[in-house]
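**Q** This structure is in structure tokens; I'll ask about it shortly.
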Amino acid sequence: MAADYTKEPLLKVENLKQHFRVSRDYTVRAVDGVSFEIYPGETYGLVGESGSGKSTIGRSIIRLYKPTSGKIVFNGADISGRLRGEDEKMLRTKMQMIFQDPMASLNPRKQIGDIIGEGLDIHHAYSSREERHERIDDILRMVGLSPEHYSRYPHQFSGGQRQRVGIARALIMDPALIIADECISALDVSIQAQVVNLMKDIQDKTGTSFLFIAHDLSMVKYISDRIGVLHLGHLLETGTTKEIFDNPVHPYTRSLISAIPEPNPLVEKKRIAFGYDMEAEGVDYHAGTEHLIGGTHRVLGTDEEIAEWTKE
Amino acid sequence: MDKEKILNIENLDITFHTNAGDIHAIRGVNIDLEKGETVAIVGESGSGKSVSMKAVMGLLASNATVNGGKIEFRYTHDDGTEAEIDILQKDRAWIRKHINGKRIAMIFQDPMTSLDPTMTIGRQITEGIIWHYGTSKADAWKKAVELLTEVGITDVEKRMKQYPHQLSGGMRQRVVIAIALACDPELLICDEPTTALDVTIQAKILELIMRVQKERGLSVIYITHDLGVVAKVADYIDVMYAGKIVEKGTADEIFYDPRHPYTWGLLSAMPDLKTDDSRLYTIPGSPPNLLHEVRGDAFAARNIYALKADEIADPPMFQISKNHFASTWLLDPRAPRVEMPAELKARIERMKKEAE
């Protein structure tokens, strides 16, 4: 199933701000006014360096934090303020998360089957033991494991298999949106490819949307329909994968793309990556407003900056 | 240019004793490196790349046994005379005193865990200089300031008094490089030096290591699984799989004329910004469990081109050109002719065109 852009967005984030007060006169503005939306069946990639606020956005959306301001609408319900009982239940089942380090996010003392079934247990989502077991077996098969793995423990699995368990645990609640926070960064290149392919297959089958958070642009390019580039809590540029890669406008996006090493020694040895120095270029993110470049391609900047960047 | 070998690992064979049984982690590894050159060891986690380098540094865990082989290292004494030793014949204390840090230095993956959080940057850099050379504190301090300037850190005097948590990830890795360079080593081993860093900083750190290498005439060994990094830095590449080198050659040979099916798989699995395939290639299956002795070619089970011979005997290294070797029965004159996958071939053709 491809992304359906005619429908209402599944997730709509408007001017989200997430500040952390460290002391009386020091507040970290981790996310400072970010807006984007995710459509049903779509994969939205959020990229940025460490400290850009990409993980914070994921955590604010799934309400591990209480957003400082801004509006988050998910599945037709406003989930940014105090959660009503039914909205909370909807949020906790329809939105799921996959974490970075599968060893740290799986309870070492629980069997794989019980880890995966925990969501079902909490929400009383089955009528008999048999049904529970059957559903867990189905999910295990779906992520490329086998029902025999049910009674094993996390340490008996390899890194790639553990990440499949993480995916299975998210999938069993039949979510509308899965937030994958750096879910392949800890894996080997060849295993990364397996997990990314699995996520694509699952999306084809179930129509789940993904918010794919990563710092590796080359993987994000493979999996995402649209991409958002974050830096210091601001969404600098967003658009379809093609728009971002064929025509990057913001100098930060350009430096990110130029920094991806290519597996081509003759080219790579000569190449020197573009630097990006915000102060030297005199870019003030607060002064900028969002400008539409064309299609869904939007860039943050002042009128003069946009004119300068789009000159060529 | 006068080229000579600085490191020569021959037939290294290591077993780890664990509760589950003996793990035959290194099964006859050969690596050599000439002065001033860069070799990259590429492979999946568990292929034995880090263990081989730990053996070079004499840092093997206590449950490891070296079954055979030698690690010859040639270095220059302080008075200018040359010495050649077999590291495996030396005891730990001797290696600690004469090799570690002084002649072979190592840069690790995560700068936050390789720096001591309770010590200032200045003390961590001067520590090794004072220990190895007995330099006075003031002179060591002066040298540390020079080193930090060399690795591109500004505001050096202030940084010397700061602690690791006060620096950003990229700056911490620069400090780690400065520490590695502190005792003027001849060989630098970089174990995944940029995996924990962002792409933009990764490029800067690699450019820094390359510059220092050129200025000081260092030999460098990279351990990595990122082929993009390898393409940027390496003169020679050793591809490692299940405790053995399966293909070795110059960077151009490995990238443009790979011969081993495992290398084909690795190159195909690399995401490529230029193509629009919706699926990434993956190597089927997973690496063999080295708890059980491997019979025949370790890669055979995952190899769609596997021959009958692969199940019976481990293939020897077949020579393709002066520096290019690969260990696969496909290169045997009796084997059927097998070409690399068409997609990979097209990709290599395109890469060659781009390079022109």
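Naming scheme: A, B, ... for chains in displayed order of the structure tokens; residues 1 onward per chain; ligands 1 onward as shown.
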Please determine the contact residues of chain B with respect to chain A at a cut-off of 6 Å, counting only C-alpha atoms, and supply them as a list in words.
**A**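 The selection requested is Asp198, Val199, Thr200, Leu227, Gly228, Ala231, Lys232, Ala269, Leu280, Thr282 and Ala355 of chain B.
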**Q** Any chance you could export the current selection's C-alpha atoms as a PDB file, in the first residue's frame?
**A**
```pdb
ATOM      1  CA  ASP B 198      27.434  12.261  13.020  1.00  0.00           C
ATOM      2  CA  VAL B 199      28.123  12.168   9.291  1.00  0.00           C
ATOM      3  CA  THR B 200      29.240  15.783   9.091  1.00  0.00           C
ATOM      4  CA  LEU B 227      32.550   0.859   3.022  1.00  0.00           C
ATOM      5  CA  GLY B 228      32.110   4.583   2.450  1.00  0.00           C
ATOM      6  CA  ALA B 231      36.708   4.168   0.081  1.00  0.00           C
ATOM      7  CA  LYS B 232      37.884   7.475   1.480  1.00  0.00           C
ATOM      8  CA  ALA B 269      24.200  -4.268   0.449  1.00  0.00           C
ATOM      9  CA  LEU B 280      18.187  -3.223  -0.579  1.00  0.00           C
ATOM     10  CA  THR B 282      20.897  -8.493   1.676  1.00  0.00           C
ATOM     11  CA  ALA B 355      35.451   8.800 -11.445  1.00  0.00           C
TER      12      ALA B 355
END
```
**Q** How would you write, as a VMD selection string, the set of residues in range 27-149 of chain A that DSSP gives as strand (DSSP E)?
**A** chain A and resid 27 to 38 43 to 47 69 to 74 77 to 78 95 to 98
**Q** Neighbouring residues of Thr238 in chain A were defined as those with any atom within 8 Å, considering only C-alpha atoms; residues of the same chain fewer than 5 positions away were excluded. Please report them as an MDAnalysis selection string.
**A** chainID A and resid 226:229 244 296:299
**Q** Could you take the residues named above and write them with N, CA and C atoms, as a PDB file, in the first residue's frame?
**A**
```pdb
ATOM      1  N   ARG A 226       8.830  10.959   2.448  1.00  0.00           N
ATOM      2  CA  ARG A 226       9.199  12.362   2.627  1.00  0.00           C
ATOM      3  C   ARG A 226      10.207  12.465   3.760  1.00  0.00           C
ATOM      4  N   ILE A 227      10.972  13.556   3.739  1.00  0.00           N
ATOM      5  CA  ILE A 227      12.056  13.735   4.704  1.00  0.00           C
ATOM      6  C   ILE A 227      11.961  15.115   5.344  1.00  0.00           C
ATOM      7  N   GLY A 228      12.288  15.209   6.623  1.00  0.00           N
ATOM      8  CA  GLY A 228      12.417  16.496   7.291  1.00  0.00           C
ATOM      9  C   GLY A 228      13.835  16.609   7.841  1.00  0.00           C
ATOM     10  N   VAL A 229      14.482  17.755   7.618  1.00  0.00           N
ATOM     11  CA  VAL A 229      15.847  17.942   8.105  1.00  0.00           C
ATOM     12  C   VAL A 229      15.813  18.850   9.322  1.00  0.00           C
ATOM     13  N   ILE A 244      14.258  16.655  -1.833  1.00  0.00           N
ATOM     14  CA  ILE A 244      15.388  16.954  -0.949  1.00  0.00           C
ATOM     15  C   ILE A 244      16.715  16.551  -1.601  1.00  0.00           C
ATOM     16  N   THR A 296       5.749  19.801  -2.279  1.00  0.00           N
ATOM     17  CA  THR A 296       5.648  19.766  -0.821  1.00  0.00           C
ATOM     18  C   THR A 296       6.950  20.265  -0.192  1.00  0.00           C
ATOM     19  N   HIS A 297       7.797  20.839  -1.015  1.00  0.00           N
ATOM     20  CA  HIS A 297       9.136  21.226  -0.588  1.00  0.00           C
ATOM     21  C   HIS A 297       9.097  22.595   0.110  1.00  0.00           C
ATOM     22  N   ARG A 298       9.362  22.588   1.411  1.00  0.00           N
ATOM     23  CA  ARG A 298       9.351  23.829   2.169  1.00  0.00           C
ATOM     24  C   ARG A 298      10.681  24.044   2.864  1.00  0.00           C
ATOM     25  N   VAL A 299      11.118  25.303   2.944  1.00  0.00           N
ATOM     26  CA  VAL A 299      12.418  25.617   3.538  1.00  0.00           C
ATOM     27  C   VAL A 299      12.245  26.754   4.531  1.00  0.00           C
TER      28      VAL A 299
END
```
**Q** Can you measure CA of Asn67 in chain B to CA of Asn8 in chain B for me? One decimal in Å is fine.
**A** 17.1 Å
**Q** With DSSP run on the backbone, what are the helix (DSSP H, G or I) residues within range 43-236 of chain B? I'd like them as a PyMOL selection string.
**A** chain B and resi 49-56+87-89+92-98+111-114+121-133+137-150+156-160+164-166+169-181+199-216+227-233
